[in-house]
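Okay, so here's the structure we're looking at.
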Amino acid sequence: MMLQMSSSNTLIQAMVPDHLRGRVMALYSMMFMGMAPFGAFFGGATADRLGAPMAVRLGSIACLGGAAWFGVRLPKVRVEARRLIIAQGMVGGEPAQEMTSE
């Protein structure tokens with residue numbers, strides 16, 4: 001989880017133009033932190049109505065489905081992420097204009 005969080009944060013900050021970075025990070029933080037209570041509510045409601053084992057099963061099916069969907073879309077996401085990072089002038093973590101060819 002920590003690897004995913006730090007990777008997501010790094011990629012978002014590398015891909016977003018400087019003048020939009022604060023807004024995008026605010027939206028990212030709101031979605032990441034703000035949606036957790038809704039997930040907990042729906043998980044608890046499902047467990048209350050269908051039982052905890054069924055809620056876990058449904059949650060695992062949803063996670064596997066999301067992982068499969070993400071896996072199918074990953075090649076397109078990689079191309080777009082690479083394009084955005086290059087557009088920002090970031091290559092290997094350094095601005096492209098400061099790199100030297102020594």
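Scheme for the structure tokens: letters A, B, ... for chains in order shown; per-chain residue numbers from 1; ligand numbers from 1 in order shown.
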DSSP on the backbone: what in region 1-98 of chain A comes out alpha helix (DSSP H), as a PDB file with N, CA and C atoms, in the first residue's frame?
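File produced: out.pdb:
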ATOM      1  N   MET A   2       1.935   1.230   0.772  1.00  0.00           N
ATOM      2  CA  MET A   2       2.824   2.391   0.824  1.00  0.00           C
ATOM      3  C   MET A   2       3.505   2.612  -0.524  1.00  0.00           C
ATOM      4  N   LEU A   3       3.894   1.526  -1.190  1.00  0.00           N
ATOM      5  CA  LEU A   3       4.515   1.647  -2.503  1.00  0.00           C
ATOM      6  C   LEU A   3       3.537   2.249  -3.503  1.00  0.00           C
ATOM      7  N   GLN A   4       2.298   1.802  -3.476  1.00  0.00           N
ATOM      8  CA  GLN A   4       1.282   2.333  -4.388  1.00  0.00           C
ATOM      9  C   GLN A   4       1.046   3.809  -4.115  1.00  0.00           C
ATOM     10  N   MET A   5       0.938   4.182  -2.856  1.00  0.00           N
ATOM     11  CA  MET A   5       0.661   5.580  -2.512  1.00  0.00           C
ATOM     12  C   MET A   5       1.817   6.492  -2.936  1.00  0.00           C
ATOM     13  N   SER A   6       3.038   6.088  -2.654  1.00  0.00           N
ATOM     14  CA  SER A   6       4.171   6.949  -3.015  1.00  0.00           C
ATOM     15  C   SER A   6       4.364   6.993  -4.529  1.00  0.00           C
ATOM     16  N   SER A   7       4.132   5.884  -5.215  1.00  0.00           N
ATOM     17  CA  SER A   7       4.253   5.871  -6.674  1.00  0.00           C
ATOM     18  C   SER A   7       3.192   6.747  -7.326  1.00  0.00           C
ATOM     19  N   SER A   8       1.966   6.635  -6.857  1.00  0.00           N
ATOM     20  CA  SER A   8       0.879   7.459  -7.399  1.00  0.00           C
ATOM     21  C   SER A   8       1.177   8.935  -7.196  1.00  0.00           C
ATOM     22  N   ASN A   9       1.593   9.291  -6.007  1.00  0.00           N
ATOM     23  CA  ASN A   9       1.896  10.683  -5.686  1.00  0.00           C
ATOM     24  C   ASN A   9       3.019  11.208  -6.578  1.00  0.00           C
ATOM     25  N   THR A  10       4.074  10.439  -6.735  1.00  0.00           N
ATOM     26  CA  THR A  10       5.207  10.847  -7.559  1.00  0.00           C
ATOM     27  C   THR A  10       4.802  11.014  -9.013  1.00  0.00           C
ATOM     28  N   LEU A  11       4.076  10.036  -9.544  1.00  0.00           N
ATOM     29  CA  LEU A  11       3.657  10.123 -10.944  1.00  0.00           C
ATOM     30  C   LEU A  11       2.731  11.303 -11.198  1.00  0.00           C
ATOM     31  N   ILE A  12       1.790  11.516 -10.314  1.00  0.00           N
ATOM     32  CA  ILE A  12       0.863  12.637 -10.502  1.00  0.00           C
ATOM     33  C   ILE A  12       1.628  13.951 -10.495  1.00  0.00           C
ATOM     34  N   GLN A  13       2.538  14.117  -9.552  1.00  0.00           N
ATOM     35  CA  GLN A  13       3.276  15.371  -9.476  1.00  0.00           C
ATOM     36  C   GLN A  13       4.211  15.552 -10.661  1.00  0.00           C
ATOM     37  N   ALA A  14       4.717  14.467 -11.227  1.00  0.00           N
ATOM     38  CA  ALA A  14       5.602  14.568 -12.384  1.00  0.00           C
ATOM     39  C   ALA A  14       4.831  14.858 -13.667  1.00  0.00           C
ATOM     40  N   MET A  15       3.590  14.429 -13.750  1.00  0.00           N
ATOM     41  CA  MET A  15       2.816  14.570 -14.982  1.00  0.00           C
ATOM     42  C   MET A  15       2.041  15.885 -15.077  1.00  0.00           C
ATOM     43  N   ARG A  21      -0.642  21.916 -10.353  1.00  0.00           N
ATOM     44  CA  ARG A  21      -0.253  20.873  -9.398  1.00  0.00           C
ATOM     45  C   ARG A  21      -1.007  20.959  -8.076  1.00  0.00           C
ATOM     46  N   GLY A  22      -1.183  22.128  -7.529  1.00  0.00           N
ATOM     47  CA  GLY A  22      -1.898  22.273  -6.254  1.00  0.00           C
ATOM     48  C   GLY A  22      -3.337  21.819  -6.357  1.00  0.00           C
ATOM     49  N   ARG A  23      -3.995  22.189  -7.440  1.00  0.00           N
ATOM     50  CA  ARG A  23      -5.393  21.801  -7.630  1.00  0.00           C
ATOM     51  C   ARG A  23      -5.534  20.301  -7.817  1.00  0.00           C
ATOM     52  N   VAL A  24      -4.642  19.738  -8.616  1.00  0.00           N
ATOM     53  CA  VAL A  24      -4.712  18.293  -8.863  1.00  0.00           C
ATOM     54  C   VAL A  24      -4.415  17.518  -7.589  1.00  0.00           C
ATOM     55  N   MET A  25      -3.437  17.955  -6.811  1.00  0.00           N
ATOM     56  CA  MET A  25      -3.112  17.250  -5.571  1.00  0.00           C
ATOM     57  C   MET A  25      -4.233  17.390  -4.553  1.00  0.00           C
ATOM     58  N   ALA A  26      -4.926  18.521  -4.554  1.00  0.00           N
ATOM     59  CA  ALA A  26      -6.074  18.679  -3.658  1.00  0.00           C
ATOM     60  C   ALA A  26      -7.176  17.697  -4.044  1.00  0.00           C
ATOM     61  N   LEU A  27      -7.434  17.558  -5.332  1.00  0.00           N
ATOM     62  CA  LEU A  27      -8.441  16.610  -5.806  1.00  0.00           C
ATOM     63  C   LEU A  27      -8.024  15.173  -5.495  1.00  0.00           C
ATOM     64  N   TYR A  28      -6.754  14.860  -5.726  1.00  0.00           N
ATOM     65  CA  TYR A  28      -6.237  13.528  -5.425  1.00  0.00           C
ATOM     66  C   TYR A  28      -6.396  13.213  -3.931  1.00  0.00           C
ATOM     67  N   SER A  29      -6.027  14.151  -3.081  1.00  0.00           N
ATOM     68  CA  SER A  29      -6.145  13.937  -1.630  1.00  0.00           C
ATOM     69  C   SER A  29      -7.594  13.778  -1.211  1.00  0.00           C
ATOM     70  N   MET A  30      -8.472  14.591  -1.795  1.00  0.00           N
ATOM     71  CA  MET A  30      -9.888  14.482  -1.461  1.00  0.00           C
ATOM     72  C   MET A  30     -10.440  13.123  -1.880  1.00  0.00           C
ATOM     73  N   MET A  31     -10.075  12.662  -3.062  1.00  0.00           N
ATOM     74  CA  MET A  31     -10.568  11.362  -3.530  1.00  0.00           C
ATOM     75  C   MET A  31      -9.976  10.221  -2.698  1.00  0.00           C
ATOM     76  N   PHE A  32      -8.697  10.321  -2.408  1.00  0.00           N
ATOM     77  CA  PHE A  32      -8.034   9.238  -1.682  1.00  0.00           C
ATOM     78  C   PHE A  32      -8.535   9.140  -0.244  1.00  0.00           C
ATOM     79  N   MET A  33      -8.594  10.275   0.429  1.00  0.00           N
ATOM     80  CA  MET A  33      -8.997  10.279   1.840  1.00  0.00           C
ATOM     81  C   MET A  33     -10.511  10.377   2.004  1.00  0.00           C
ATOM     82  N   GLY A  34     -11.154  11.126   1.136  1.00  0.00           N
ATOM     83  CA  GLY A  34     -12.579  11.388   1.283  1.00  0.00           C
ATOM     84  C   GLY A  34     -13.487  10.244   0.876  1.00  0.00           C
ATOM     85  N   ALA A  36     -12.794   6.973   1.352  1.00  0.00           N
ATOM     86  CA  ALA A  36     -12.668   5.842   2.279  1.00  0.00           C
ATOM     87  C   ALA A  36     -13.882   5.690   3.196  1.00  0.00           C
ATOM     88  N   PRO A  37     -14.437   6.761   3.754  1.00  0.00           N
ATOM     89  CA  PRO A  37     -15.637   6.586   4.585  1.00  0.00           C
ATOM     90  C   PRO A  37     -16.827   6.011   3.815  1.00  0.00           C
ATOM     91  N   PHE A  38     -16.950   6.379   2.542  1.00  0.00           N
ATOM     92  CA  PHE A  38     -18.043   5.815   1.739  1.00  0.00           C
ATOM     93  C   PHE A  38     -17.843   4.318   1.529  1.00  0.00           C
ATOM     94  N   GLY A  39     -16.617   3.915   1.253  1.00  0.00           N
ATOM     95  CA  GLY A  39     -16.324   2.492   1.101  1.00  0.00           C
ATOM     96  C   GLY A  39     -16.594   1.722   2.379  1.00  0.00           C
ATOM     97  N   ALA A  40     -16.221   2.302   3.505  1.00  0.00           N
ATOM     98  CA  ALA A  40     -16.489   1.663   4.791  1.00  0.00           C
ATOM     99  C   ALA A  40     -17.989   1.561   5.049  1.00  0.00           C
ATOM    100  N   PHE A  41     -18.723   2.606   4.699  1.00  0.00           N
ATOM    101  CA  PHE A  41     -20.177   2.589   4.870  1.00  0.00           C
ATOM    102  C   PHE A  41     -20.815   1.488   4.022  1.00  0.00           C
ATOM    103  N   PHE A  42     -20.455   1.422   2.742  1.00  0.00           N
ATOM    104  CA  PHE A  42     -21.044   0.417   1.859  1.00  0.00           C
ATOM    105  C   PHE A  42     -20.619  -0.998   2.255  1.00  0.00           C
ATOM    106  N   GLY A  43     -19.371  -1.152   2.674  1.00  0.00           N
ATOM    107  CA  GLY A  43     -18.922  -2.464   3.148  1.00  0.00           C
ATOM    108  C   GLY A  43     -19.666  -2.898   4.397  1.00  0.00           C
ATOM    109  N   GLY A  44     -19.850  -1.972   5.322  1.00  0.00           N
ATOM    110  CA  GLY A  44     -20.591  -2.279   6.542  1.00  0.00           C
ATOM    111  C   GLY A  44     -22.054  -2.577   6.272  1.00  0.00           C
ATOM    112  N   ALA A  45     -22.669  -1.799   5.361  1.00  0.00           N
ATOM    113  CA  ALA A  45     -24.069  -2.048   5.014  1.00  0.00           C
ATOM    114  C   ALA A  45     -24.237  -3.396   4.333  1.00  0.00           C
ATOM    115  N   THR A  46     -23.302  -3.749   3.463  1.00  0.00           N
ATOM    116  CA  THR A  46     -23.354  -5.056   2.795  1.00  0.00           C
ATOM    117  C   THR A  46     -23.183  -6.177   3.806  1.00  0.00           C
ATOM    118  N   ALA A  47     -22.244  -6.017   4.726  1.00  0.00           N
ATOM    119  CA  ALA A  47     -22.032  -7.037   5.753  1.00  0.00           C
ATOM    120  C   ALA A  47     -23.251  -7.166   6.665  1.00  0.00           C
ATOM    121  N   ASP A  48     -23.899  -6.060   6.956  1.00  0.00           N
ATOM    122  CA  ASP A  48     -25.087  -6.097   7.802  1.00  0.00           C
ATOM    123  C   ASP A  48     -26.232  -6.839   7.115  1.00  0.00           C
ATOM    124  N   ARG A  49     -26.416  -6.621   5.843  1.00  0.00           N
ATOM    125  CA  ARG A  49     -27.535  -7.228   5.115  1.00  0.00           C
ATOM    126  C   ARG A  49     -27.250  -8.650   4.630  1.00  0.00           C
ATOM    127  N   LEU A  50     -26.020  -8.891   4.168  1.00  0.00           N
ATOM    128  CA  LEU A  50     -25.709 -10.188   3.560  1.00  0.00           C
ATOM    129  C   LEU A  50     -24.771 -11.053   4.399  1.00  0.00           C
ATOM    130  N   ALA A  52     -20.920 -10.922   6.837  1.00  0.00           N
ATOM    131  CA  ALA A  52     -19.525 -10.535   6.609  1.00  0.00           C
ATOM    132  C   ALA A  52     -18.835 -11.395   5.549  1.00  0.00           C
ATOM    133  N   PRO A  53     -19.018 -12.738   5.558  1.00  0.00           N
ATOM    134  CA  PRO A  53     -18.336 -13.525   4.520  1.00  0.00           C
ATOM    135  C   PRO A  53     -18.755 -13.126   3.095  1.00  0.00           C
ATOM    136  N   MET A  54     -20.034 -12.856   2.897  1.00  0.00           N
ATOM    137  CA  MET A  54     -20.493 -12.456   1.569  1.00  0.00           C
ATOM    138  C   MET A  54     -19.959 -11.069   1.207  1.00  0.00           C
ATOM    139  N   ALA A  55     -19.878 -10.174   2.179  1.00  0.00           N
ATOM    140  CA  ALA A  55     -19.333  -8.844   1.919  1.00  0.00           C
ATOM    141  C   ALA A  55     -17.871  -8.937   1.502  1.00  0.00           C
ATOM    142  N   VAL A  56     -17.113  -9.814   2.146  1.00  0.00           N
ATOM    143  CA  VAL A  56     -15.711 -10.003   1.781  1.00  0.00           C
ATOM    144  C   VAL A  56     -15.611 -10.600   0.386  1.00  0.00           C
ATOM    145  N   ARG A  57     -16.464 -11.582   0.081  1.00  0.00           N
ATOM    146  CA  ARG A  57     -16.460 -12.172  -1.259  1.00  0.00           C
ATOM    147  C   ARG A  57     -16.758 -11.131  -2.329  1.00  0.00           C
ATOM    148  N   LEU A  58     -17.798 -10.332  -2.099  1.00  0.00           N
ATOM    149  CA  LEU A  58     -18.157  -9.304  -3.074  1.00  0.00           C
ATOM    150  C   LEU A  58     -17.044  -8.268  -3.222  1.00  0.00           C
ATOM    151  N   GLY A  59     -16.417  -7.897  -2.111  1.00  0.00           N
ATOM    152  CA  GLY A  59     -15.292  -6.962  -2.166  1.00  0.00           C
ATOM    153  C   GLY A  59     -14.112  -7.524  -2.937  1.00  0.00           C
ATOM    154  N   SER A  60     -13.843  -8.817  -2.737  1.00  0.00           N
ATOM    155  CA  SER A  60     -12.721  -9.429  -3.457  1.00  0.00           C
ATOM    156  C   SER A  60     -13.027  -9.547  -4.946  1.00  0.00           C
ATOM    157  N   ILE A  61     -14.280  -9.850  -5.288  1.00  0.00           N
ATOM    158  CA  ILE A  61     -14.664  -9.904  -6.702  1.00  0.00           C
ATOM    159  C   ILE A  61     -14.518  -8.524  -7.338  1.00  0.00           C
ATOM    160  N   ALA A  62     -14.944  -7.499  -6.626  1.00  0.00           N
ATOM    161  CA  ALA A  62     -14.813  -6.134  -7.134  1.00  0.00           C
ATOM    162  C   ALA A  62     -13.337  -5.761  -7.316  1.00  0.00           C
ATOM    163  N   CYS A  63     -12.484  -6.143  -6.377  1.00  0.00           N
ATOM    164  CA  CYS A  63     -11.052  -5.846  -6.482  1.00  0.00           C
ATOM    165  C   CYS A  63     -10.420  -6.584  -7.654  1.00  0.00           C
ATOM    166  N   LEU A  64     -10.756  -7.858  -7.819  1.00  0.00           N
ATOM    167  CA  LEU A  64     -10.221  -8.618  -8.949  1.00  0.00           C
ATOM    168  C   LEU A  64     -10.697  -8.041 -10.277  1.00  0.00           C
ATOM    169  N   GLY A  65     -11.972  -7.642 -10.325  1.00  0.00           N
ATOM    170  CA  GLY A  65     -12.488  -7.019 -11.542  1.00  0.00           C
ATOM    171  C   GLY A  65     -11.788  -5.709 -11.844  1.00  0.00           C
ATOM    172  N   GLY A  66     -11.569  -4.888 -10.815  1.00  0.00           N
ATOM    173  CA  GLY A  66     -10.854  -3.631 -11.001  1.00  0.00           C
ATOM    174  C   GLY A  66      -9.415  -3.859 -11.437  1.00  0.00           C
ATOM    175  N   ALA A  67      -8.764  -4.865 -10.869  1.00  0.00           N
ATOM    176  CA  ALA A  67      -7.383  -5.176 -11.259  1.00  0.00           C
ATOM    177  C   ALA A  67      -7.324  -5.646 -12.705  1.00  0.00           C
ATOM    178  N   ALA A  68      -8.279  -6.473 -13.118  1.00  0.00           N
ATOM    179  CA  ALA A  68      -8.318  -6.939 -14.504  1.00  0.00           C
ATOM    180  C   ALA A  68      -8.553  -5.776 -15.465  1.00  0.00           C
ATOM    181  N   TRP A  69      -9.490  -4.897 -15.109  1.00  0.00           N
ATOM    182  CA  TRP A  69      -9.775  -3.738 -15.957  1.00  0.00           C
ATOM    183  C   TRP A  69      -8.543  -2.840 -16.064  1.00  0.00           C
ATOM    184  N   PHE A  70      -7.871  -2.614 -14.932  1.00  0.00           N
ATOM    185  CA  PHE A  70      -6.673  -1.794 -14.937  1.00  0.00           C
ATOM    186  C   PHE A  70      -5.581  -2.447 -15.767  1.00  0.00           C
ATOM    187  N   GLY A  71      -5.434  -3.770 -15.646  1.00  0.00           N
ATOM    188  CA  GLY A  71      -4.419  -4.481 -16.416  1.00  0.00           C
ATOM    189  C   GLY A  71      -4.629  -4.355 -17.917  1.00  0.00           C
ATOM    190  N   VAL A  72      -5.879  -4.363 -18.338  1.00  0.00           N
ATOM    191  CA  VAL A  72      -6.187  -4.208 -19.755  1.00  0.00           C
ATOM    192  C   VAL A  72      -5.868  -2.790 -20.224  1.00  0.00           C
ATOM    193  N   ARG A  73      -6.121  -1.805 -19.381  1.00  0.00           N
ATOM    194  CA  ARG A  73      -5.918  -0.404 -19.752  1.00  0.00           C
ATOM    195  C   ARG A  73      -4.483   0.080 -19.521  1.00  0.00           C
ATOM    196  N   LEU A  74      -3.663  -0.693 -18.823  1.00  0.00           N
ATOM    197  CA  LEU A  74      -2.321  -0.245 -18.454  1.00  0.00           C
ATOM    198  C   LEU A  74      -1.450   0.168 -19.644  1.00  0.00           C
ATOM    199  N   PRO A  75      -1.426  -0.560 -20.753  1.00  0.00           N
ATOM    200  CA  PRO A  75      -0.571  -0.100 -21.865  1.00  0.00           C
ATOM    201  C   PRO A  75      -0.926   1.311 -22.346  1.00  0.00           C
ATOM    202  N   LYS A  76      -2.206   1.648 -22.427  1.00  0.00           N
ATOM    203  CA  LYS A  76      -2.604   2.991 -22.839  1.00  0.00           C
ATOM    204  C   LYS A  76      -2.217   4.019 -21.782  1.00  0.00           C
ATOM    205  N   VAL A  77      -2.353   3.654 -20.521  1.00  0.00           N
ATOM    206  CA  VAL A  77      -2.004   4.568 -19.429  1.00  0.00           C
ATOM    207  C   VAL A  77      -0.502   4.839 -19.442  1.00  0.00           C
ATOM    208  N   ARG A  78       0.302   3.814 -19.696  1.00  0.00           N
ATOM    209  CA  ARG A  78       1.754   3.995 -19.744  1.00  0.00           C
ATOM    210  C   ARG A  78       2.158   4.968 -20.838  1.00  0.00           C
ATOM    211  N   VAL A  79       1.555   4.820 -22.018  1.00  0.00           N
ATOM    212  CA  VAL A  79       1.883   5.713 -23.125  1.00  0.00           C
ATOM    213  C   VAL A  79       1.527   7.150 -22.769  1.00  0.00           C
ATOM    214  N   GLU A  80       0.353   7.353 -22.229  1.00  0.00           N
ATOM    215  CA  GLU A  80      -0.087   8.703 -21.868  1.00  0.00           C
ATOM    216  C   GLU A  80       0.764   9.280 -20.741  1.00  0.00           C
ATOM    217  N   ALA A  81       1.094   8.472 -19.741  1.00  0.00           N
ATOM    218  CA  ALA A  81       1.934   8.947 -18.632  1.00  0.00           C
ATOM    219  C   ALA A  81       3.311   9.346 -19.142  1.00  0.00           C
ATOM    220  N   ARG A  82       3.878   8.532 -20.010  1.00  0.00           N
ATOM    221  CA  ARG A  82       5.200   8.858 -20.569  1.00  0.00           C
ATOM    222  C   ARG A  82       5.139  10.168 -21.361  1.00  0.00           C
ATOM    223  N   ARG A  83       4.071  10.346 -22.144  1.00  0.00           N
ATOM    224  CA  ARG A  83       3.917  11.568 -22.925  1.00  0.00           C
ATOM    225  C   ARG A  83       3.831  12.793 -22.003  1.00  0.00           C
ATOM    226  N   LEU A  84       3.075  12.673 -20.920  1.00  0.00           N
ATOM    227  CA  LEU A  84       2.930  13.800 -19.994  1.00  0.00           C
ATOM    228  C   LEU A  84       4.230  14.112 -19.263  1.00  0.00           C
ATOM    229  N   ILE A  85       4.964  13.091 -18.882  1.00  0.00           N
ATOM    230  CA  ILE A  85       6.237  13.311 -18.186  1.00  0.00           C
ATOM    231  C   ILE A  85       7.234  13.981 -19.114  1.00  0.00           C
ATOM    232  N   ILE A  86       7.289  13.531 -20.370  1.00  0.00           N
ATOM    233  CA  ILE A  86       8.199  14.155 -21.337  1.00  0.00           C
ATOM    234  C   ILE A  86       7.774  15.600 -21.596  1.00  0.00           C
ATOM    235  N   ALA A  87       6.464  15.849 -21.663  1.00  0.00           N
ATOM    236  CA  ALA A  87       5.976  17.212 -21.880  1.00  0.00           C
ATOM    237  C   ALA A  87       6.379  18.143 -20.738  1.00  0.00           C
TER     238      ALA A  87
END
task = Pick out each residue of chain A that DSSP on the backbone tags as strand (DSSP E); I need them as an MDAnalysis selection string.
result = chainID A and resid 90:91 94:95
